[in-house]
Amino acid sequence: MAAITGSRFKSNKSVKVINKLVVEKIVPPLVALAVFLVIWELLVLIPDFQLPGPIKTFNDTFDPFIIHPFFDNGESDKGLGWQILSSLERVAWGFSLAAIVGIVVGIFVGTNRFLYNAVDPLFQVLRTVPPLAWLPISLAAFQQANPSAIFVIFITSIWPIIINTTVGVQQIPQDYVNVARVLRLKGLKYFVKIVFPATVPYIFTGLRIGIGLSWLAIVAAEMLVGGVGIGSFIWNAYNTSTDTNLSEIIIALIYVGVVGLLLDKMVEFIAGKVVAEQK
């Protein structure tokens, strides 16, 4: 009897948790989305409103862009699935390089006060340069579209990673440093036992900002470098603008937003696991 009662209690508790999750996390976004779509559809009724409404956008893009996102007719005539994957490949390269270099540089700068004073003004200047301003430099240096786009991602996303890692290192409690001296921790052991556990929340804050900037940068860069990619798709659709093309642009923007949200949540999820392990 006790076992049955305990099982029912756990079941009821699980139901309450699920209900709370639905009410707090799922229902509000769905309500907001519904209100947004209604307002958007109502705006279409205005005579001079030029954009298609959500119903027309869905009808124009359902086949093939929604139902067949991975069609391939050769060259750049590909579904949005392939366009997104091509952009994600560039983001993966650029962001991975930025993460590795940014964390290493941030640790060195954070542990050396003289180095920090020397390079911090330079970093503050470079981080304010817009992503597209780097594109002519990268095209001149690499002479190819793909590595140029990857460089733009790298140079755009590296600054929040460096800065947050640097701040994390500088915020290491003095007690931690004293313990490291007593235990004579140096080099790799000092990093693994002291630096990384203390700075990992700051590092992942930088990574989370960086992945968002990476996705913003690649869409903008692809609009100019061409080829296959979601940015190129949007730009090509705009240059041959019709009512149907406007619907394609809108559905592409929805894809961009959803993928950007998933990238952010992915880094947030990894950060939660890593930070929890360090506690």
# chains A, B, ... in the order shown; residues from 1 in each chain; ligands from 1
$ select_by_dssp --residues "range 30-263 of chain A" --states "alpha helix (DSSP H)" --output "ChimeraX atom specification"
/A:30-43,54-61,80-111,113-126,135-142,145-170,174-182,187-190,196-225,230-239,243-263
$ closest_atom_pairs --of "range 25-113 of chain A" --to "range 257-273 of chain A" --cutoff "12 Å" --atoms "only C-alpha atoms" --output "Markdown table"
| residue | atom | partner | partner_atom | distance |
| --- | --- | --- | --- | --- |
| A:Leu80 | CA | A:Val259 | CA | 11.6 |
| A:Gly81 | CA | A:Val259 | CA | 10.8 |
| A:Gln83 | CA | A:Val259 | CA | 11.8 |
| A:Ile84 | CA | A:Val259 | CA | 8.3 |
| A:Leu85 | CA | A:Val259 | CA | 10.2 |
| A:Ser87 | CA | A:Val259 | CA | 10.6 |
| A:Leu88 | CA | A:Val259 | CA | 9.2 |
| A:Val91 | CA | A:Leu263 | CA | 10.5 |
| A:Ala92 | CA | A:Leu263 | CA | 10.7 |
| A:Phe95 | CA | A:Leu263 | CA | 11.6 |
$ residues_around --residues "Thr61 in chain A" --least-positions-apart "3" --cutoff "12 Å" --atoms "only C-alpha atoms" --output "PDB file with N, CA and C atoms, in the first residue's frame"
ATOM      1  N   PRO A  52       3.118  40.818 -47.817  1.00  0.00           N
ATOM      2  CA  PRO A  52       2.090  39.776 -47.719  1.00  0.00           C
ATOM      3  C   PRO A  52       1.804  39.429 -46.274  1.00  0.00           C
ATOM      4  N   PRO A  54       0.450  36.702 -43.145  1.00  0.00           N
ATOM      5  CA  PRO A  54       0.896  35.352 -42.779  1.00  0.00           C
ATOM      6  C   PRO A  54       0.218  34.248 -43.591  1.00  0.00           C
ATOM      7  N   ILE A  55      -1.068  34.421 -43.924  1.00  0.00           N
ATOM      8  CA  ILE A  55      -1.767  33.395 -44.703  1.00  0.00           C
ATOM      9  C   ILE A  55      -1.193  33.309 -46.102  1.00  0.00           C
ATOM     10  N   LYS A  56      -0.997  34.452 -46.761  1.00  0.00           N
ATOM     11  CA  LYS A  56      -0.421  34.459 -48.108  1.00  0.00           C
ATOM     12  C   LYS A  56       1.015  33.956 -48.095  1.00  0.00           C
ATOM     13  N   THR A  57       1.784  34.345 -47.070  1.00  0.00           N
ATOM     14  CA  THR A  57       3.166  33.877 -46.956  1.00  0.00           C
ATOM     15  C   THR A  57       3.210  32.360 -46.859  1.00  0.00           C
ATOM     16  N   PHE A  58       2.330  31.802 -46.058  1.00  0.00           N
ATOM     17  CA  PHE A  58       2.272  30.347 -45.910  1.00  0.00           C
ATOM     18  C   PHE A  58       1.884  29.681 -47.228  1.00  0.00           C
ATOM     19  N   PRO A  64       7.828  24.789 -52.401  1.00  0.00           N
ATOM     20  CA  PRO A  64       8.544  23.709 -51.717  1.00  0.00           C
ATOM     21  C   PRO A  64       9.233  24.110 -50.417  1.00  0.00           C
ATOM     22  N   PHE A  65       9.230  25.407 -50.061  1.00  0.00           N
ATOM     23  CA  PHE A  65      10.143  25.879 -49.015  1.00  0.00           C
ATOM     24  C   PHE A  65       9.796  25.375 -47.618  1.00  0.00           C
ATOM     25  N   ILE A  66       8.548  25.037 -47.375  1.00  0.00           N
ATOM     26  CA  ILE A  66       8.170  24.511 -46.064  1.00  0.00           C
ATOM     27  C   ILE A  66       8.111  22.996 -46.084  1.00  0.00           C
ATOM     28  N   ILE A  67       7.406  22.438 -47.061  1.00  0.00           N
ATOM     29  CA  ILE A  67       7.216  20.992 -47.093  1.00  0.00           C
ATOM     30  C   ILE A  67       8.424  20.248 -47.660  1.00  0.00           C
ATOM     31  N   HIS A  68       9.222  20.918 -48.522  1.00  0.00           N
ATOM     32  CA  HIS A  68      10.409  20.280 -49.106  1.00  0.00           C
ATOM     33  C   HIS A  68      11.637  21.191 -48.930  1.00  0.00           C
ATOM     34  N   PRO A  69      12.108  21.359 -47.689  1.00  0.00           N
ATOM     35  CA  PRO A  69      13.219  22.298 -47.457  1.00  0.00           C
ATOM     36  C   PRO A  69      14.554  21.820 -48.012  1.00  0.00           C
ATOM     37  N   GLY A  79      16.819  24.248 -51.487  1.00  0.00           N
ATOM     38  CA  GLY A  79      15.852  24.515 -50.433  1.00  0.00           C
ATOM     39  C   GLY A  79      16.473  25.230 -49.248  1.00  0.00           C
ATOM     40  N   LEU A  80      15.612  25.769 -48.398  1.00  0.00           N
ATOM     41  CA  LEU A  80      16.104  26.522 -47.243  1.00  0.00           C
ATOM     42  C   LEU A  80      16.874  25.646 -46.266  1.00  0.00           C
ATOM     43  N   ASP A 243       5.675  39.605 -55.363  1.00  0.00           N
ATOM     44  CA  ASP A 243       4.897  39.251 -54.171  1.00  0.00           C
ATOM     45  C   ASP A 243       5.327  37.899 -53.623  1.00  0.00           C
ATOM     46  N   THR A 244       5.590  36.936 -54.528  1.00  0.00           N
ATOM     47  CA  THR A 244       6.017  35.612 -54.088  1.00  0.00           C
ATOM     48  C   THR A 244       7.393  35.666 -53.456  1.00  0.00           C
ATOM     49  N   ASN A 245       8.301  36.466 -54.060  1.00  0.00           N
ATOM     50  CA  ASN A 245       9.643  36.581 -53.504  1.00  0.00           C
ATOM     51  C   ASN A 245       9.632  37.209 -52.112  1.00  0.00           C
ATOM     52  N   LEU A 246       8.720  38.163 -51.889  1.00  0.00           N
ATOM     53  CA  LEU A 246       8.605  38.748 -50.560  1.00  0.00           C
ATOM     54  C   LEU A 246       8.181  37.690 -49.543  1.00  0.00           C
ATOM     55  N   SER A 247       7.316  36.798 -49.946  1.00  0.00           N
ATOM     56  CA  SER A 247       6.921  35.697 -49.061  1.00  0.00           C
ATOM     57  C   SER A 247       8.107  34.793 -48.776  1.00  0.00           C
ATOM     58  N   GLU A 248       8.935  34.554 -49.791  1.00  0.00           N
ATOM     59  CA  GLU A 248      10.129  33.728 -49.593  1.00  0.00           C
ATOM     60  C   GLU A 248      11.106  34.395 -48.635  1.00  0.00           C
ATOM     61  N   ILE A 249      11.240  35.713 -48.741  1.00  0.00           N
ATOM     62  CA  ILE A 249      12.123  36.437 -47.827  1.00  0.00           C
ATOM     63  C   ILE A 249      11.617  36.317 -46.396  1.00  0.00           C
ATOM     64  N   ILE A 250      10.312  36.472 -46.216  1.00  0.00           N
ATOM     65  CA  ILE A 250       9.734  36.398 -44.872  1.00  0.00           C
ATOM     66  C   ILE A 250       9.926  35.015 -44.271  1.00  0.00           C
ATOM     67  N   ILE A 251       9.671  33.952 -45.060  1.00  0.00           N
ATOM     68  CA  ILE A 251       9.833  32.598 -44.518  1.00  0.00           C
ATOM     69  C   ILE A 251      11.304  32.322 -44.223  1.00  0.00           C
ATOM     70  N   ALA A 252      12.208  32.900 -45.031  1.00  0.00           N
ATOM     71  CA  ALA A 252      13.641  32.745 -44.764  1.00  0.00           C
ATOM     72  C   ALA A 252      14.025  33.436 -43.457  1.00  0.00           C
ATOM     73  N   ILE A 254      12.080  33.830 -40.927  1.00  0.00           N
ATOM     74  CA  ILE A 254      11.571  32.980 -39.847  1.00  0.00           C
ATOM     75  C   ILE A 254      12.544  31.842 -39.575  1.00  0.00           C
TER      76      ILE A 254
END
$ closest_residue --among "A:Ser76, A:Ser138, A:Thr165, A:Asn19" --to "Gly102 in chain A" --atoms "only C-alpha atoms"
A:Thr165
$ residues_around --residues "range 218-224 of chain A" --least-positions-apart "6" --cutoff "7 Å" --atoms "only C-alpha atoms" --output "mmCIF file with all heavy atoms, in the first residue's frame"
data_model
loop_
_atom_site.group_PDB
_atom_site.id
_atom_site.type_symbol
_atom_site.label_atom_id
_atom_site.label_comp_id
_atom_site.auth_asym_id
_atom_site.auth_seq_id
_atom_site.Cartn_x
_atom_site.Cartn_y
_atom_site.Cartn_z
ATOM 1 N N SER A 87 25.148 27.859 -44.259
ATOM 2 C CA SER A 87 25.476 28.970 -43.356
ATOM 3 C C SER A 87 25.997 28.456 -42.020
ATOM 4 O O SER A 87 26.947 29.002 -41.457
ATOM 5 C CB SER A 87 24.239 29.845 -43.134
ATOM 6 O OG SER A 87 23.791 30.423 -44.336
ATOM 7 N N VAL A 91 29.452 29.175 -39.903
ATOM 8 C CA VAL A 91 29.394 29.619 -38.509
ATOM 9 C C VAL A 91 30.186 28.677 -37.606
ATOM 10 O O VAL A 91 30.896 29.116 -36.697
ATOM 11 C CB VAL A 91 27.922 29.711 -38.043
ATOM 12 C CG1 VAL A 91 27.843 29.869 -36.526
ATOM 13 C CG2 VAL A 91 27.226 30.876 -38.715
ATOM 14 N N LEU A 132 30.163 43.980 -41.355
ATOM 15 C CA LEU A 132 30.340 44.157 -42.798
ATOM 16 C C LEU A 132 31.532 45.047 -43.142
ATOM 17 O O LEU A 132 32.030 45.008 -44.266
ATOM 18 C CB LEU A 132 29.066 44.731 -43.425
ATOM 19 C CG LEU A 132 27.881 43.766 -43.499
ATOM 20 C CD1 LEU A 132 26.709 44.414 -44.217
ATOM 21 C CD2 LEU A 132 28.274 42.478 -44.204
ATOM 22 N N ALA A 149 33.954 35.018 -45.540
ATOM 23 C CA ALA A 149 32.784 34.977 -44.661
ATOM 24 C C ALA A 149 33.145 34.378 -43.305
ATOM 25 O O ALA A 149 32.693 34.859 -42.254
ATOM 26 C CB ALA A 149 31.667 34.175 -45.323
ATOM 27 N N ILE A 153 32.920 36.134 -39.478
ATOM 28 C CA ILE A 153 32.314 35.507 -38.297
ATOM 29 C C ILE A 153 33.315 35.490 -37.141
ATOM 30 O O ILE A 153 32.993 35.841 -36.007
ATOM 31 C CB ILE A 153 31.868 34.071 -38.622
ATOM 32 C CG1 ILE A 153 30.784 34.086 -39.684
ATOM 33 C CG2 ILE A 153 31.358 33.363 -37.370
ATOM 34 C CD1 ILE A 153 30.509 32.719 -40.269
ATOM 35 N N ILE A 230 21.855 31.188 -46.409
ATOM 36 C CA ILE A 230 20.568 31.826 -46.173
ATOM 37 C C ILE A 230 20.625 33.322 -46.468
ATOM 38 O O ILE A 230 19.648 33.917 -46.942
ATOM 39 C CB ILE A 230 20.095 31.566 -44.716
ATOM 40 C CG1 ILE A 230 18.627 31.961 -44.546
ATOM 41 C CG2 ILE A 230 20.996 32.261 -43.707
ATOM 42 C CD1 ILE A 230 17.673 31.141 -45.377
ATOM 43 N N GLY A 231 21.773 33.956 -46.209
ATOM 44 C CA GLY A 231 21.915 35.372 -46.529
ATOM 45 C C GLY A 231 21.858 35.616 -48.026
ATOM 46 O O GLY A 231 21.201 36.561 -48.493
ATOM 47 N N SER A 232 22.535 34.773 -48.800
ATOM 48 C CA SER A 232 22.504 34.887 -50.257
ATOM 49 C C SER A 232 21.097 34.645 -50.795
ATOM 50 O O SER A 232 20.650 35.319 -51.734
ATOM 51 C CB SER A 232 23.468 33.870 -50.880
ATOM 52 O OG SER A 232 24.788 34.089 -50.428
ATOM 53 N N TRP A 235 19.038 37.789 -50.241
ATOM 54 C CA TRP A 235 19.456 38.881 -51.133
ATOM 55 C C TRP A 235 19.012 38.620 -52.571
ATOM 56 O O TRP A 235 18.549 39.535 -53.264
ATOM 57 C CB TRP A 235 20.964 39.048 -51.059
ATOM 58 C CG TRP A 235 21.479 40.267 -51.768
ATOM 59 C CD1 TRP A 235 22.312 40.296 -52.849
ATOM 60 C CD2 TRP A 235 21.217 41.632 -51.434
ATOM 61 N NE1 TRP A 235 22.580 41.588 -53.205
ATOM 62 C CE2 TRP A 235 21.922 42.430 -52.355
ATOM 63 C CE3 TRP A 235 20.448 42.258 -50.442
ATOM 64 C CZ2 TRP A 235 21.872 43.820 -52.321
ATOM 65 C CZ3 TRP A 235 20.404 43.639 -50.416
ATOM 66 C CH2 TRP A 235 21.110 44.401 -51.338
#
$ atom_distance --atom1 "CA of Tyr190 in chain A" --atom2 "CA of Arg113 in chain A"
17.9 Å
$ atom_distance --atom1 "CA of Ile158 in chain A" --atom2 "CA of Gly210 in chain A"
6.7 Å
$ atom_distance --atom1 "CA of Leu126 in chain A" --atom2 "CA of Pro197 in chain A"
28.7 Å
$ closest_residue --among "A:Leu188, A:Ala34, A:Val152, A:Ile26" --to "Trp93 in chain A" --atoms "only C-alpha atoms"
A:Val152
$ closest_residue --among "A:Val228, A:Val274, A:Val169, A:Leu183" --to "Asp77 in chain A" --atoms "only C-alpha atoms"
A:Val228
$ residues_around --residues "Ala99 in chain A" --least-positions-apart "2" --cutoff "9 Å" --atoms "only C-alpha atoms" --output "short mmCIF file (atom, residue, chain, number, x, y, z; two decimals) with C-alpha atoms, in the first residue's frame"
data_model
loop_
_atom_site.label_atom_id
_atom_site.label_comp_id
_atom_site.auth_asym_id
_atom_site.auth_seq_id
_atom_site.Cartn_x
_atom_site.Cartn_y
_atom_site.Cartn_z
CA GLY A 94 34.34 30.82 -37.60
CA PHE A 95 32.83 30.48 -34.13
CA SER A 96 34.99 27.48 -33.17
CA LEU A 97 38.15 29.38 -34.09
CA VAL A 101 41.52 31.88 -29.69
CA GLY A 102 39.24 34.05 -27.55
CA ILE A 103 39.45 31.84 -24.46
CA VAL A 104 43.23 31.45 -24.70
CA PHE A 154 35.58 34.98 -36.43
CA SER A 157 32.36 36.90 -32.39
CA ILE A 158 35.80 36.84 -30.78
CA ILE A 161 34.61 35.86 -25.71
CA ILE A 162 37.94 37.59 -25.01
CA GLY A 206 30.94 35.30 -23.88
CA LEU A 207 30.25 32.20 -25.96
CA GLY A 210 29.43 35.28 -29.60
#
$ residues_around --residues "Leu139 in chain A" --least-positions-apart "2" --cutoff "12 Å" --atoms "only C-alpha atoms" --output "list of chain:residue names"
A:Leu132, A:Ala133, A:Trp134, A:Leu135, A:Pro136, A:Ile137, A:Ala141, A:Phe142, A:Gln143, A:Gln144, A:Ala145, A:Asn146, A:Pro147, A:Ser148, A:Ala149, A:Ile150, A:Phe151, A:Val152, A:Ala221, A:Leu224, A:Val225
$ write_last_selection --atoms "N, CA and C atoms" --output "PDB file, in the first residue's frame"
ATOM      1  N   LEU A 132      30.163  43.980 -41.355  1.00  0.00           N
ATOM      2  CA  LEU A 132      30.340  44.157 -42.798  1.00  0.00           C
ATOM      3  C   LEU A 132      31.532  45.047 -43.142  1.00  0.00           C
ATOM      4  N   ALA A 133      31.989  45.852 -42.165  1.00  0.00           N
ATOM      5  CA  ALA A 133      33.156  46.689 -42.426  1.00  0.00           C
ATOM      6  C   ALA A 133      34.416  45.848 -42.591  1.00  0.00           C
ATOM      7  N   TRP A 134      34.401  44.616 -42.031  1.00  0.00           N
ATOM      8  CA  TRP A 134      35.554  43.723 -42.160  1.00  0.00           C
ATOM      9  C   TRP A 134      35.566  42.992 -43.505  1.00  0.00           C
ATOM     10  N   LEU A 135      34.420  42.972 -44.190  1.00  0.00           N
ATOM     11  CA  LEU A 135      34.316  42.151 -45.396  1.00  0.00           C
ATOM     12  C   LEU A 135      35.271  42.585 -46.510  1.00  0.00           C
ATOM     13  N   PRO A 136      35.406  43.879 -46.822  1.00  0.00           N
ATOM     14  CA  PRO A 136      36.374  44.251 -47.859  1.00  0.00           C
ATOM     15  C   PRO A 136      37.806  43.839 -47.516  1.00  0.00           C
ATOM     16  N   ILE A 137      38.166  43.953 -46.235  1.00  0.00           N
ATOM     17  CA  ILE A 137      39.507  43.554 -45.795  1.00  0.00           C
ATOM     18  C   ILE A 137      39.707  42.060 -45.998  1.00  0.00           C
ATOM     19  N   ALA A 141      42.211  40.052 -48.516  1.00  0.00           N
ATOM     20  CA  ALA A 141      43.232  39.169 -47.952  1.00  0.00           C
ATOM     21  C   ALA A 141      43.120  37.743 -48.473  1.00  0.00           C
ATOM     22  N   PHE A 142      41.892  37.215 -48.567  1.00  0.00           N
ATOM     23  CA  PHE A 142      41.697  35.802 -48.906  1.00  0.00           C
ATOM     24  C   PHE A 142      41.342  35.559 -50.369  1.00  0.00           C
ATOM     25  N   GLN A 143      40.817  36.590 -51.034  1.00  0.00           N
ATOM     26  CA  GLN A 143      40.489  36.488 -52.460  1.00  0.00           C
ATOM     27  C   GLN A 143      39.411  35.445 -52.763  1.00  0.00           C
ATOM     28  N   GLN A 144      38.722  34.929 -51.740  1.00  0.00           N
ATOM     29  CA  GLN A 144      37.670  33.943 -51.929  1.00  0.00           C
ATOM     30  C   GLN A 144      36.521  34.252 -50.973  1.00  0.00           C
ATOM     31  N   ALA A 145      35.305  33.910 -51.409  1.00  0.00           N
ATOM     32  CA  ALA A 145      34.125  34.274 -50.635  1.00  0.00           C
ATOM     33  C   ALA A 145      34.011  33.487 -49.341  1.00  0.00           C
ATOM     34  N   ASN A 146      34.222  32.166 -49.413  1.00  0.00           N
ATOM     35  CA  ASN A 146      33.976  31.322 -48.244  1.00  0.00           C
ATOM     36  C   ASN A 146      34.903  31.639 -47.074  1.00  0.00           C
ATOM     37  N   PRO A 147      36.230  31.662 -47.276  1.00  0.00           N
ATOM     38  CA  PRO A 147      37.097  32.021 -46.142  1.00  0.00           C
ATOM     39  C   PRO A 147      36.887  33.455 -45.674  1.00  0.00           C
ATOM     40  N   SER A 148      36.472  34.335 -46.579  1.00  0.00           N
ATOM     41  CA  SER A 148      36.192  35.713 -46.178  1.00  0.00           C
ATOM     42  C   SER A 148      35.011  35.778 -45.231  1.00  0.00           C
ATOM     43  N   ALA A 149      33.954  35.018 -45.540  1.00  0.00           N
ATOM     44  CA  ALA A 149      32.784  34.977 -44.661  1.00  0.00           C
ATOM     45  C   ALA A 149      33.145  34.378 -43.305  1.00  0.00           C
ATOM     46  N   ILE A 150      33.968  33.328 -43.305  1.00  0.00           N
ATOM     47  CA  ILE A 150      34.391  32.701 -42.052  1.00  0.00           C
ATOM     48  C   ILE A 150      35.200  33.688 -41.215  1.00  0.00           C
ATOM     49  N   PHE A 151      36.062  34.461 -41.867  1.00  0.00           N
ATOM     50  CA  PHE A 151      36.850  35.457 -41.132  1.00  0.00           C
ATOM     51  C   PHE A 151      35.951  36.515 -40.504  1.00  0.00           C
ATOM     52  N   VAL A 152      34.918  36.954 -41.239  1.00  0.00           N
ATOM     53  CA  VAL A 152      33.993  37.948 -40.690  1.00  0.00           C
ATOM     54  C   VAL A 152      33.307  37.404 -39.439  1.00  0.00           C
ATOM     55  N   ALA A 221      27.018  38.836 -44.173  1.00  0.00           N
ATOM     56  CA  ALA A 221      28.152  38.613 -45.071  1.00  0.00           C
ATOM     57  C   ALA A 221      27.724  37.874 -46.335  1.00  0.00           C
ATOM     58  N   LEU A 224      26.485  39.610 -49.469  1.00  0.00           N
ATOM     59  CA  LEU A 224      27.434  40.268 -50.359  1.00  0.00           C
ATOM     60  C   LEU A 224      28.363  39.286 -51.066  1.00  0.00           C
ATOM     61  N   VAL A 225      28.695  38.167 -50.430  1.00  0.00           N
ATOM     62  CA  VAL A 225      29.652  37.244 -51.047  1.00  0.00           C
ATOM     63  C   VAL A 225      28.980  36.253 -51.982  1.00  0.00           C
TER      64      VAL A 225
END
$ residues_around --residues "range 170-174 of chain A" --least-positions-apart "4" --cutoff "8 Å" --atoms "only C-alpha atoms" --output "PyMOL selection string"
chain A and resi 110-111+166+178+195+198-199
$ write_last_selection --atoms "C-alpha atoms" --output "short mmCIF file (atom, residue, chain, number, x, y, z; two decimals), in the first residue's frame"
data_model
loop_
_atom_site.label_atom_id
_atom_site.label_comp_id
_atom_site.auth_asym_id
_atom_site.auth_seq_id
_atom_site.Cartn_x
_atom_site.Cartn_y
_atom_site.Cartn_z
CA GLY A 110 43.35 38.41 -17.60
CA THR A 111 46.36 37.02 -15.74
CA THR A 166 39.37 38.31 -19.21
CA ASN A 178 46.35 31.76 -2.19
CA VAL A 195 41.15 29.24 -13.49
CA ALA A 198 36.19 30.09 -11.52
CA THR A 199 35.83 31.58 -15.01
#
$ closest_residue --among "A:Trp40, A:Trp159, A:Phe191, A:Phe49" --to "Ile209 in chain A" --atoms "only C-alpha atoms"
A:Trp159
